[in-house]
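Q: For reference, the file upload.cif (mmCIF, C-alpha atoms) is included below:
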data_work
#
loop_
_atom_site.label_atom_id
_atom_site.label_comp_id
_atom_site.auth_asym_id
_atom_site.auth_seq_id
_atom_site.Cartn_x
_atom_site.Cartn_y
_atom_site.Cartn_z
CA MET A 278 -5.01 -13.21 -6.79
CA ARG A 279 -3.75 -9.67 -6.47
CA PHE A 280 -0.62 -8.70 -4.57
CA MET A 281 0.77 -5.42 -3.35
CA VAL A 282 4.52 -5.45 -3.88
CA ILE A 283 6.16 -2.87 -1.64
CA VAL A 284 9.63 -1.61 -2.48
CA LYS A 285 11.24 -0.22 0.67
CA SER A 286 13.03 3.10 0.78
CA ASN A 287 16.76 3.47 1.26
CA GLU A 288 18.97 6.40 2.17
CA ASP A 289 19.34 7.46 -1.48
CA SER A 290 15.62 7.50 -2.20
CA GLU A 291 14.96 9.34 1.06
CA ALA A 292 17.62 11.90 0.10
CA GLY A 293 15.66 12.54 -3.09
CA GLN A 294 18.31 10.94 -5.24
CA GLY A 295 16.53 9.46 -8.25
CA PRO A 296 17.37 6.07 -9.78
CA SER A 297 20.37 5.81 -12.15
CA ALA A 298 19.79 5.90 -15.92
CA GLU A 299 20.72 2.21 -16.01
CA LEU A 300 18.14 1.26 -13.37
CA LEU A 301 15.46 3.38 -15.06
CA GLU A 302 16.08 1.62 -18.37
CA GLN A 303 16.08 -1.88 -16.85
CA MET A 304 13.00 -1.08 -14.76
CA GLY A 305 11.21 0.13 -17.89
CA LYS A 306 11.94 -3.20 -19.59
CA PHE A 307 10.86 -5.16 -16.53
CA ASN A 308 7.57 -3.22 -16.38
CA GLU A 309 7.05 -3.92 -20.09
CA GLU A 310 7.45 -7.64 -19.40
CA LEU A 311 4.94 -7.43 -16.56
CA VAL A 312 2.47 -5.70 -18.88
CA LYS A 313 2.95 -8.26 -21.68
CA ALA A 314 2.39 -11.10 -19.21
CA GLY A 315 -0.84 -9.42 -18.06
CA VAL A 316 0.53 -9.20 -14.53
CA LEU A 317 0.84 -5.44 -13.98
CA LEU A 318 -2.28 -3.68 -12.63
CA ALA A 319 -0.65 -0.55 -11.18
CA GLY A 320 2.77 0.73 -10.21
CA GLU A 321 3.94 4.00 -8.66
CA GLY A 322 6.98 5.54 -7.03
CA LEU A 323 6.73 7.89 -4.04
CA THR A 324 8.60 11.09 -3.25
CA PRO A 325 10.81 11.15 -0.10
CA SER A 326 9.00 11.00 3.26
CA SER A 327 10.04 14.63 3.90
CA GLU A 328 7.11 15.51 1.59
CA GLY A 329 4.64 13.32 3.50
CA ALA A 330 2.66 13.43 6.74
CA ARG A 331 1.13 11.05 9.25
CA VAL A 332 -2.28 11.34 10.87
CA VAL A 333 -2.31 9.69 14.29
CA PHE A 334 -5.64 8.65 15.84
CA SER A 335 -5.96 7.91 19.53
CA GLY A 336 -9.38 7.06 20.91
CA ALA A 337 -11.85 9.95 20.68
CA GLU A 338 -9.15 12.66 20.64
CA GLU A 339 -8.72 15.01 17.68
CA PRO A 340 -6.28 13.31 15.28
CA ARG A 341 -2.70 14.57 15.49
CA VAL A 342 -0.69 15.44 12.36
CA VAL A 343 3.04 14.70 12.23
CA ASP A 344 4.98 16.01 9.24
CA GLY A 345 7.75 13.99 7.58
CA PRO A 346 10.57 13.14 7.17
CA PHE A 347 10.28 9.86 9.06
CA THR A 348 13.47 8.27 10.29
CA GLU A 349 13.04 4.50 9.97
CA SER A 350 14.07 4.59 6.30
CA LYS A 351 14.23 0.81 5.86
CA GLU A 352 10.58 0.43 6.83
CA LEU A 353 9.31 3.25 4.63
CA VAL A 354 7.62 2.67 1.29
CA GLY A 355 9.59 3.90 -1.72
CA GLY A 356 7.20 2.58 -4.34
CA PHE A 357 4.78 -0.22 -5.12
CA TRP A 358 3.23 -2.43 -7.74
CA ILE A 359 -0.14 -4.15 -7.76
CA LEU A 360 0.34 -7.46 -9.57
CA GLN A 361 -2.14 -10.09 -10.69
CA CYS A 362 -0.61 -13.54 -10.14
CA ARG A 363 -1.79 -17.14 -9.80
CA ASP A 364 -0.37 -17.41 -6.30
CA ARG A 365 2.28 -15.99 -3.98
CA GLU A 366 4.99 -18.21 -5.48
CA GLU A 367 4.45 -16.80 -8.97
CA CYS A 368 4.63 -13.30 -7.54
CA ILE A 369 7.90 -14.13 -5.70
CA GLU A 370 9.40 -15.50 -8.94
CA TRP A 371 8.60 -12.25 -10.75
CA ILE A 372 10.07 -10.13 -7.97
CA LYS A 373 13.29 -12.15 -7.78
CA ARG A 374 13.91 -10.99 -11.36
CA MET A 375 13.51 -7.33 -10.48
CA PRO A 376 16.48 -5.39 -11.83
CA ASN A 377 19.11 -4.31 -9.31
CA PRO A 378 22.06 -3.19 -11.43
CA GLY A 379 23.88 -1.51 -8.54
CA GLY A 380 23.71 -4.74 -6.51
CA GLU A 381 22.36 -2.71 -3.62
CA ALA A 382 20.95 -4.38 -0.54
CA GLY A 383 17.20 -3.93 -0.56
CA GLU A 384 13.95 -5.39 0.63
CA VAL A 385 10.70 -5.95 -1.21
CA GLU A 386 7.56 -7.05 0.63
CA ILE A 387 4.78 -9.02 -1.06
CA ARG A 388 1.31 -8.84 0.49
CA ARG A 389 -1.96 -10.30 -0.70
CA VAL A 390 -4.78 -7.87 -1.49
CA ALA A 391 -7.97 -8.83 0.35
CA GLU A 392 -10.99 -9.81 -1.76
CA ALA A 393 -14.64 -9.64 -0.65
CA ALA A 394 -14.52 -13.33 0.35
CA ASP A 395 -11.78 -12.54 2.91
CA PHE A 396 -14.22 -10.47 5.00
CA GLU A 397 -16.32 -12.78 7.15
CA ASN A 398 -18.56 -9.94 8.31
CA MET A 399 -19.28 -8.65 4.81
CA THR A 400 -22.97 -7.79 4.51
CA PRO A 401 -24.91 -8.01 1.23
CA GLU A 402 -25.42 -4.22 1.43
CA VAL A 403 -21.69 -3.47 1.73
CA GLU A 404 -20.83 -5.96 -1.00
CA ALA A 405 -23.39 -4.34 -3.31
CA MET A 406 -22.04 -0.82 -2.52
CA GLU A 407 -18.46 -2.01 -3.08
CA GLY A 408 -19.38 -3.69 -6.35
CA LYS A 409 -21.09 -0.53 -7.58
CA LEU A 410 -18.07 1.63 -6.70
CA ARG A 411 -15.68 -0.77 -8.44
CA ALA A 412 -17.85 -0.94 -11.56
CA GLN A 413 -18.13 2.86 -11.73
CA SER A 414 -14.42 3.18 -11.08
CA ALA A 415 -13.58 0.77 -13.93
CA GLY A 416 -15.94 2.80 -16.15
CA GLN A 417 -13.98 5.97 -15.36
CA ALA A 418 -10.56 4.50 -16.13
CA MET B 126 -1.43 15.52 -7.42
CA ARG B 127 -1.88 11.93 -6.37
CA PHE B 128 -1.17 10.47 -2.94
CA LEU B 129 -0.63 7.02 -1.48
CA VAL B 130 -2.45 6.85 1.86
CA ILE B 131 -1.11 3.95 3.91
CA VAL B 132 -3.16 2.47 6.75
CA LYS B 133 -0.65 1.12 9.26
CA ALA B 134 -1.26 -2.24 10.86
CA SER B 135 -2.00 -2.57 14.57
CA PRO B 136 -1.64 -5.51 16.94
CA ALA B 137 -5.40 -6.01 16.46
CA SER B 138 -5.31 -6.04 12.65
CA GLU B 139 -2.34 -8.43 12.59
CA ALA B 140 -3.84 -10.84 15.17
CA ALA B 141 -4.74 -14.28 13.81
CA GLY B 142 -8.39 -14.40 12.76
CA PHE B 143 -8.85 -10.61 12.82
CA GLN B 144 -11.99 -9.49 11.00
CA PRO B 145 -13.45 -5.98 10.76
CA SER B 146 -17.03 -5.90 12.05
CA ALA B 147 -20.03 -5.40 9.74
CA GLU B 148 -20.40 -1.90 11.20
CA GLU B 149 -16.75 -1.01 10.46
CA LEU B 150 -17.08 -2.34 6.90
CA THR B 151 -20.25 -0.28 6.40
CA GLU B 152 -18.67 2.93 7.76
CA MET B 153 -15.58 2.52 5.59
CA THR B 154 -17.61 1.80 2.47
CA LYS B 155 -19.71 4.92 3.12
CA PHE B 156 -16.52 6.96 3.47
CA ASN B 157 -15.26 5.46 0.20
CA GLU B 158 -18.56 6.31 -1.50
CA ARG B 159 -18.04 9.93 -0.49
CA LEU B 160 -14.43 9.96 -1.77
CA PHE B 161 -15.61 8.35 -4.97
CA ALA B 162 -18.40 10.89 -5.44
CA GLU B 163 -15.75 13.62 -5.09
CA GLY B 164 -13.76 11.90 -7.86
CA ARG B 165 -10.79 11.19 -5.61
CA ILE B 166 -10.35 7.42 -5.58
CA GLU B 167 -7.96 5.71 -7.95
CA LEU B 168 -7.39 2.63 -5.79
CA ALA B 169 -8.68 1.49 -2.40
CA GLU B 170 -7.70 -1.91 -1.05
CA GLY B 171 -7.16 -3.80 2.17
CA LEU B 172 -4.36 -6.33 2.62
CA THR B 173 -4.57 -9.68 4.35
CA SER B 174 -2.33 -10.14 7.41
CA SER B 175 1.43 -10.45 6.89
CA ALA B 176 1.12 -14.20 7.55
CA ASP B 177 0.03 -14.44 3.88
CA GLY B 178 3.03 -12.39 2.72
CA SER B 179 6.72 -12.77 1.93
CA ARG B 180 9.81 -10.63 1.70
CA VAL B 181 12.45 -10.82 -1.01
CA LEU B 182 15.88 -9.61 0.08
CA PHE B 183 18.42 -8.44 -2.47
CA GLU B 184 22.12 -8.13 -1.79
CA GLY B 185 24.84 -7.80 -4.42
CA ASP B 186 24.82 -10.51 -7.07
CA ALA B 187 23.60 -13.21 -4.69
CA GLU B 188 20.35 -15.05 -5.45
CA PRO B 189 17.61 -13.08 -3.63
CA LYS B 190 16.59 -14.59 -0.32
CA VAL B 191 12.89 -15.20 0.44
CA ILE B 192 11.45 -14.92 3.95
CA ASP B 193 7.82 -15.84 4.55
CA GLY B 194 5.55 -13.90 6.91
CA PRO B 195 4.23 -13.22 9.47
CA PHE B 196 6.47 -10.24 10.23
CA ALA B 197 6.90 -8.95 13.75
CA GLU B 198 7.26 -5.15 13.56
CA THR B 199 3.49 -4.65 13.51
CA LYS B 200 3.45 -0.84 13.54
CA GLU B 201 5.51 -0.62 10.37
CA LEU B 202 3.35 -3.05 8.42
CA ILE B 203 0.66 -1.97 5.97
CA ALA B 204 -2.94 -3.03 6.53
CA GLY B 205 -4.49 -1.21 3.56
CA PHE B 206 -4.14 1.77 1.27
CA TRP B 207 -5.77 4.31 -0.98
CA VAL B 208 -4.43 6.10 -4.04
CA LEU B 209 -6.23 9.47 -3.97
CA LYS B 210 -6.27 12.58 -6.09
CA GLY B 211 -5.99 15.93 -4.33
CA GLU B 212 -4.79 19.51 -4.68
CA SER B 213 -2.27 19.42 -1.81
CA LEU B 214 -0.94 17.36 1.08
CA GLU B 215 -2.92 19.60 3.45
CA GLU B 216 -6.17 18.84 1.67
CA ILE B 217 -5.62 15.07 1.92
CA VAL B 218 -4.57 15.38 5.59
CA GLU B 219 -7.84 17.22 6.40
CA LEU B 220 -9.85 14.62 4.51
CA MET B 221 -8.11 11.70 6.18
CA LYS B 222 -8.74 13.11 9.67
CA GLN B 223 -12.34 12.09 8.97
CA VAL B 224 -11.58 8.41 8.29
CA PRO B 225 -14.08 6.39 10.33
CA ASN B 226 -13.12 4.15 13.20
CA LEU B 227 -9.70 2.67 12.60
CA GLY B 228 -10.31 0.29 15.47
CA PRO B 229 -9.51 0.47 19.17
CA GLY B 230 -6.35 2.17 20.43
CA GLU B 231 -3.99 4.13 18.27
CA GLY B 232 -4.32 4.19 14.49
CA VAL B 233 -1.85 5.74 12.07
CA LEU B 234 -2.23 6.82 8.46
CA GLU B 235 0.77 7.84 6.38
CA ILE B 236 0.20 10.13 3.41
CA ARG B 237 2.87 10.19 0.72
CA PRO B 238 2.87 12.10 -2.60
CA ILE B 239 3.29 9.98 -5.73
CA ASP B 240 6.20 10.92 -7.97
CA GLU B 241 4.77 12.07 -11.34
#
Can the structure in the file be given as structure tokens, please?
A:
Amino acid sequence: MRFMVIVKSNEDSEAGQGPSAELLEQMGKFNEELVKAGVLLAGEGLTPSSEGARVVFSGAEEPRVVDGPFTESKELVGGFWILQCRDREECIEWIKRMPNPGGEAGEVEIRRVAEAADFENMTPEVEAMEGKLRAQSAGQA
Amino acid sequence: MRFLVIVKASPASEAAGFQPSAEELTEMTKFNERLFAEGRIELAEGLTSSADGSRVLFEGDAEPKVIDGPFAETKELIAGFWVLKGESLEEIVELMKQVPNLGPGEGVLEIRPIDE
């Protein structure tokens, strides 16, 4: 199973304050462990929400664009990993070991990535198109 | 530049037993085909509802606390995402205005640059 692990923003990350040298070093080691265990599929950090935008759709109206920053900093995404794990429990065990040298309060959300079998209304045509895109995409990487 | 495009959840997408229709799946896959043909897609995934998820809470040196989903603040939850390549935020905003049918009612996409 694949999981999206969402690291929430905090006031420091929203203020554009990068991680400490200590956290960077420990995070590098943690990522190395994830790679060695064959768990890490992708991982990225985001810039503060002041550099982002939202597109809001409402019925048939022209979509509205709202520029960042966004205020609810504890619900914002600061970064994410995509991990390959046996089940949710294994993913939770990995995340509990995530380095947090400053002892800061923080929240990480773990969500399962949907697979084709999760979509009851999947048609053979869509599945074939999806499969082709994924194969081509893997070929590009 | 690369961007994380977050599809926000809605009461509909978080409802138990929610399933996109065959038409919605087809439209989205066609849109993805176009993005792919333009060489933009690095990742494109949907998430299952937050009922399948968990949160891990860190505080000080205490053992992290685990809380299982579902989570209530629907509008802040993520339903799916893309990682896309683009020249600027504006370019991705214009592209994402064309996302097909995010379902009934209000839909929100959040576009965030990836730190390189």
Q: Gln294 in chain A: which residues within 10 Å, counting all atoms listed in the file, same-chain residues fewer than 5 positions away excluded, as a list in words?
A: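 The residues satisfying every condition are Glu288, Asp289, Thr324 and Pro325 of chain A.
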Q: Starting from the displayed file, determine the output of the PyMOL selection byres ((chain B) within 6 of (chain A)) and express the residue list as a PyMOL selection string.
A: chain B and resi 146-147+151+171-173+178-186+230-240
Q: To one decimal place, how far is CA of Gln361 in chain A from CA of Val316 in chain A in Å?
A: 4.8 Å
Q: Please write the residues picked by the PyMOL selection byres ((chain B and resi 153) around 12) on this file as a count of residues only.
A: 32
Q: Can you measure CA of Met304 in chain A to CA of Pro376 in chain A for me? One decimal in Å is fine.
A: 6.3 Å
Q: Have a look at B:Lys222, B:Lys133, B:Arg165, B:Lys190 and name the one nearest to Phe206 in chain B; count all atoms listed in the file.
A: B:Lys133
Q: Considering all atoms listed in the file, can you say which of B:Ala134, B:Ala141, B:Ala162, B:Met126 comes closest to Ala204 in chain B?
A: B:Ala134
Q: Residues picked by the PyMOL selection byres ((chain B and resi 210) around 7) here, as number ranges by chain?
A: B: 126-128, 165-166, 209, 211
Q: Calculate how many Å separate CA of Leu202 in chain B from CA of Pro346 in chain A, rounding to one decimal.
A: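 Going from CA of Leu202 in chain B over to CA of Pro346 in chain A, I get 17.8 Å.
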Q: Mind filling out range 160-172 of chain B with N, CA and C atoms and sending it as a PDB file, in the frame of the given file?
A:
ATOM      1  N   LEU B 160     -15.656   9.648  -1.026  1.00  0.00           N
ATOM      2  CA  LEU B 160     -14.430   9.960  -1.770  1.00  0.00           C
ATOM      3  C   LEU B 160     -14.634   9.743  -3.257  1.00  0.00           C
ATOM      4  N   PHE B 161     -15.367   8.669  -3.563  1.00  0.00           N
ATOM      5  CA  PHE B 161     -15.610   8.350  -4.970  1.00  0.00           C
ATOM      6  C   PHE B 161     -16.464   9.422  -5.624  1.00  0.00           C
ATOM      7  N   ALA B 162     -17.506   9.854  -4.899  1.00  0.00           N
ATOM      8  CA  ALA B 162     -18.400  10.890  -5.440  1.00  0.00           C
ATOM      9  C   ALA B 162     -17.632  12.181  -5.704  1.00  0.00           C
ATOM     10  N   GLU B 163     -16.587  12.427  -4.891  1.00  0.00           N
ATOM     11  CA  GLU B 163     -15.750  13.620  -5.090  1.00  0.00           C
ATOM     12  C   GLU B 163     -14.701  13.395  -6.169  1.00  0.00           C
ATOM     13  N   GLY B 164     -14.694  12.195  -6.768  1.00  0.00           N
ATOM     14  CA  GLY B 164     -13.760  11.900  -7.860  1.00  0.00           C
ATOM     15  C   GLY B 164     -12.320  11.713  -7.401  1.00  0.00           C
ATOM     16  N   ARG B 165     -12.146  11.270  -6.158  1.00  0.00           N
ATOM     17  CA  ARG B 165     -10.790  11.190  -5.610  1.00  0.00           C
ATOM     18  C   ARG B 165     -10.126   9.831  -5.707  1.00  0.00           C
ATOM     19  N   ILE B 166     -10.929   8.766  -5.756  1.00  0.00           N
ATOM     20  CA  ILE B 166     -10.350   7.420  -5.580  1.00  0.00           C
ATOM     21  C   ILE B 166      -9.795   6.852  -6.887  1.00  0.00           C
ATOM     22  N   GLU B 167      -8.522   6.480  -6.845  1.00  0.00           N
ATOM     23  CA  GLU B 167      -7.960   5.710  -7.950  1.00  0.00           C
ATOM     24  C   GLU B 167      -7.875   4.239  -7.547  1.00  0.00           C
ATOM     25  N   LEU B 168      -7.457   3.998  -6.328  1.00  0.00           N
ATOM     26  CA  LEU B 168      -7.390   2.630  -5.790  1.00  0.00           C
ATOM     27  C   LEU B 168      -7.776   2.687  -4.313  1.00  0.00           C
ATOM     28  N   ALA B 169      -8.375   1.620  -3.832  1.00  0.00           N
ATOM     29  CA  ALA B 169      -8.680   1.490  -2.400  1.00  0.00           C
ATOM     30  C   ALA B 169      -8.734   0.004  -2.091  1.00  0.00           C
ATOM     31  N   GLU B 170      -7.762  -0.465  -1.317  1.00  0.00           N
ATOM     32  CA  GLU B 170      -7.700  -1.910  -1.050  1.00  0.00           C
ATOM     33  C   GLU B 170      -7.255  -2.176   0.377  1.00  0.00           C
ATOM     34  N   GLY B 171      -7.679  -3.310   0.897  1.00  0.00           N
ATOM     35  CA  GLY B 171      -7.160  -3.800   2.170  1.00  0.00           C
ATOM     36  C   GLY B 171      -6.213  -4.959   1.882  1.00  0.00           C
ATOM     37  N   LEU B 172      -5.271  -5.184   2.779  1.00  0.00           N
ATOM     38  CA  LEU B 172      -4.360  -6.330   2.620  1.00  0.00           C
ATOM     39  C   LEU B 172      -4.702  -7.382   3.671  1.00  0.00           C
TER      40      LEU B 172
END
